[in-house]
Each structure stands twice: as structure tokens, then as C-alpha cells.
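Q: To start, I am sharing the structure in question, which I have written as C-alpha cells.
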Amino acid sequence: MAATLIATGTPSGATGPGQGAGPVGGAAGFDGGGDDPGPVVRPAPPLAGGAAAGSAGAEADVSYHGHVSFWNGHVGIWLTTANHGPAPVSGATVRLRFSAPLASGVTLPPSCLRTGPAVVHCGTGSMRAAGTGVQLALDVATVGNRAEMGLDIDTVWNGGAIDRNPANNTHRVLTLATGDPYTF
């Protein structure tokens, strides 16, 4: 079962105090966190039962695929989550780090939370082994007018599972402000 979540970019008040300001720094300007990384997002405690599915010690292969477009100060992200197994995952958290701060008041899907000026975390929900999770669709405005936008995508938490193939859930995408889709 898959769900589609769409954000339209209308004000929601989803940002906390002080999260709309501050410098964006880090290696090549991609960390998106600046000096204020925002609230700390902590994973849920592992499930009881040792190496049960989705708990510490289980092996799963979480992946993210989709495309990013950038046009007129807006970034569109279409992302599909999957788990190639062998164990199911109780849930994962994907981090989206933009090379520029997001405009204040952007609306995000219900499973997403803005955790810094240029950082968004989204929950994937549970994923069975060899199955897909959710499809996320975001359309967010950025601060300023730019010719390009960088986006880092990675997993912050994966239910405590061991992922021996992080290459399919860690992506760095550079998009030009042409509206063309850049696949990851």
C-alpha cells in the first residue's frame, strides 16, 4: 500500500521560533543547517524482542528514488521510498537538506517537519520487505532568486535496522532553475 502526500506551499506556521533566519553554511553550502540546526529529532526506541523485524540487528535495504525540479524559486521533489529487505522496517526518517533556506510558512505533508532553515525530515511509515513505502511530493519556495539548487537526501533513522547498501538512500542532486526534472 502506498500513499501520496502533497504540499502546496501555503502558510502553515510549521516552523518554530527563530528557524526562518540564520546563515546557511557547511561543506559546499549543502548542510542547510547553518549555526542553528533546529530541534533535535530522535528516533523512537527499538522494538522489544531483539532482532525482530524492524528492530536493532535486522537487515533491511531502504532506498529513495525520484526526481527534483527547480523553477522560479520553487523546488519540487517527488520521492518514492522502498525497502529491498530482507527484513521489514517499522519506519524510516528521510532528511532533505537544501543548499538555500526555505521561505517561511511553507506547507509540508503531514509526515514532514521542518527542522532547520533549509532542512526537512519526513517519516516513511512502515515498509514490508521487498515493498514500497510512501510517495512524497513537496513544492516549497526558497529564499532569494538562484540559478541552481542543491539537495542532499539521506536516512536519519531506519527503525534500527542494518543497511549494508546506503548508496541507494543517500543522494546529492544539483538542479538548475530550468524546471527540468533531475532524477536520483
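Residues are named by chain letter and number: chains run A, B, ... in the order of the C-alpha cells, numbers start at 1 in each chain, and ligands are numbered from 1 in the order shown.
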For A:Ser126, find every residue with an atom within 8 Å (counting only C-alpha atoms), except residues of its own chain fewer than 5 positions away, and show them as a list of chain:residue names.

A: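 Selected residues are A:Pro88, A:Val89, A:Ser90, A:Gly91, A:Ala92, A:Gly133.
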
Q: State, in Å with one decimal place, the distance from atom CA of A:Thr170 to atom CA of A:Ala147.

A: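 If I compute the distance from atom CA of A:Thr170 to atom CA of A:Ala147, I get 23.7 Å.
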
Q: In Å, rounded to a single decimal, give me how far atom CA of A:Ser99 is from atom CA of A:Gly116.

A: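 Between atom CA of A:Gly116 and atom CA of A:Ser99 the gap is 11.9 Å.
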
Q: Determine, counting only C-alpha atoms, which protein, DNA and RNA residues have an atom within 10 Å of an atom of A:Leu174; residues of the same chain fewer than 6 positions away are not included. Present the result as a ChimeraX atom specification.

A: /A:68-70,98-99,148-152,182

Q: Just C-alpha atoms for this one: save the residues we selected as a PDB file, in the first residue's frame.

A:
ATOM      1  CA  VAL A  68      13.796  17.125  -8.270  1.00  0.00           C
ATOM      2  CA  SER A  69      12.867  20.220 -10.277  1.00  0.00           C
ATOM      3  CA  PHE A  70      13.717  23.856  -9.580  1.00  0.00           C
ATOM      4  CA  PHE A  98      18.565  22.234   0.672  1.00  0.00           C
ATOM      5  CA  SER A  99      21.502  24.469  -0.306  1.00  0.00           C
ATOM      6  CA  GLU A 148      20.693  26.416  -9.129  1.00  0.00           C
ATOM      7  CA  MET A 149      19.678  24.451  -6.044  1.00  0.00           C
ATOM      8  CA  GLY A 150      21.494  21.616  -4.293  1.00  0.00           C
ATOM      9  CA  LEU A 151      19.624  18.904  -2.410  1.00  0.00           C
ATOM     10  CA  ASP A 152      21.058  16.211  -0.139  1.00  0.00           C
ATOM     11  CA  TYR A 182      16.785  15.709 -12.245  1.00  0.00           C
TER      12      TYR A 182
END

Q: Identify which of the residues A:Thr124, A:Thr132, A:Thr81, A:Asn158 lies closest to A:Pro110, counting only C-alpha atoms when measuring atom-to-atom distances.

A: A:Thr124

Q: Find the spatial neighbours of A:Thr80, counting only C-alpha atoms, within a cut-off of 9 Å - ignore same-chain residues fewer than 5 positions away - and output them as JSON, numbers by chain.

A: {"A": [63, 64, 65, 66, 132, 133, 134, 135, 136, 137]}

Q: Filtering to N, CA and C atoms, could you give me those residues as an mmCIF file, in the first residue's frame?

A:
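The resulting file, part-v2.cif, is reproduced below:
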data_model
loop_
_atom_site.group_PDB
_atom_site.id
_atom_site.type_symbol
_atom_site.label_atom_id
_atom_site.label_comp_id
_atom_site.auth_asym_id
_atom_site.auth_seq_id
_atom_site.Cartn_x
_atom_site.Cartn_y
_atom_site.Cartn_z
ATOM 1 N N SER A 63 15.583 2.487 0.380
ATOM 2 C CA SER A 63 16.044 3.266 -0.776
ATOM 3 C C SER A 63 15.062 4.386 -1.086
ATOM 4 N N TYR A 64 15.579 5.430 -1.722
ATOM 5 C CA TYR A 64 14.773 6.562 -2.160
ATOM 6 C C TYR A 64 15.097 6.824 -3.628
ATOM 7 N N HIS A 65 14.068 6.970 -4.422
ATOM 8 C CA HIS A 65 14.243 7.296 -5.832
ATOM 9 C C HIS A 65 13.171 8.296 -6.232
ATOM 10 N N GLY A 66 13.481 9.125 -7.208
ATOM 11 C CA GLY A 66 12.513 10.103 -7.672
ATOM 12 C C GLY A 66 13.190 11.154 -8.505
ATOM 13 N N THR A 132 7.290 -1.240 -1.377
ATOM 14 C CA THR A 132 7.405 0.217 -1.380
ATOM 15 C C THR A 132 6.757 0.791 -0.132
ATOM 16 N N GLY A 133 7.163 1.981 0.198
ATOM 17 C CA GLY A 133 6.596 2.692 1.339
ATOM 18 C C GLY A 133 5.631 3.742 0.849
ATOM 19 N N VAL A 134 6.021 4.992 0.957
ATOM 20 C CA VAL A 134 5.156 6.095 0.557
ATOM 21 C C VAL A 134 5.772 6.848 -0.615
ATOM 22 N N GLN A 135 4.939 7.638 -1.241
ATOM 23 C CA GLN A 135 5.402 8.595 -2.230
ATOM 24 C C GLN A 135 5.223 9.969 -1.611
ATOM 25 N N LEU A 136 6.295 10.749 -1.577
ATOM 26 C CA LEU A 136 6.247 12.097 -1.037
ATOM 27 C C LEU A 136 6.338 13.086 -2.182
ATOM 28 N N ALA A 137 5.521 14.112 -2.137
ATOM 29 C CA ALA A 137 5.580 15.188 -3.121
ATOM 30 C C ALA A 137 5.604 16.508 -2.367
#

Q: Could you tell me which of A:Thr178, A:Glu59, A:Val94, A:Gly123 comes closest to A:Val156 if we count only C-alpha atoms?

A: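 For A:Val156, the nearest of the candidates is A:Val94.
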
Q: Just give me the gap between atom CA of A:Ala161 and atom CA of A:Trp78 in Å, one decimal is fine.

A: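 Going from atom CA of A:Ala161 over to atom CA of A:Trp78, I get 24.7 Å.
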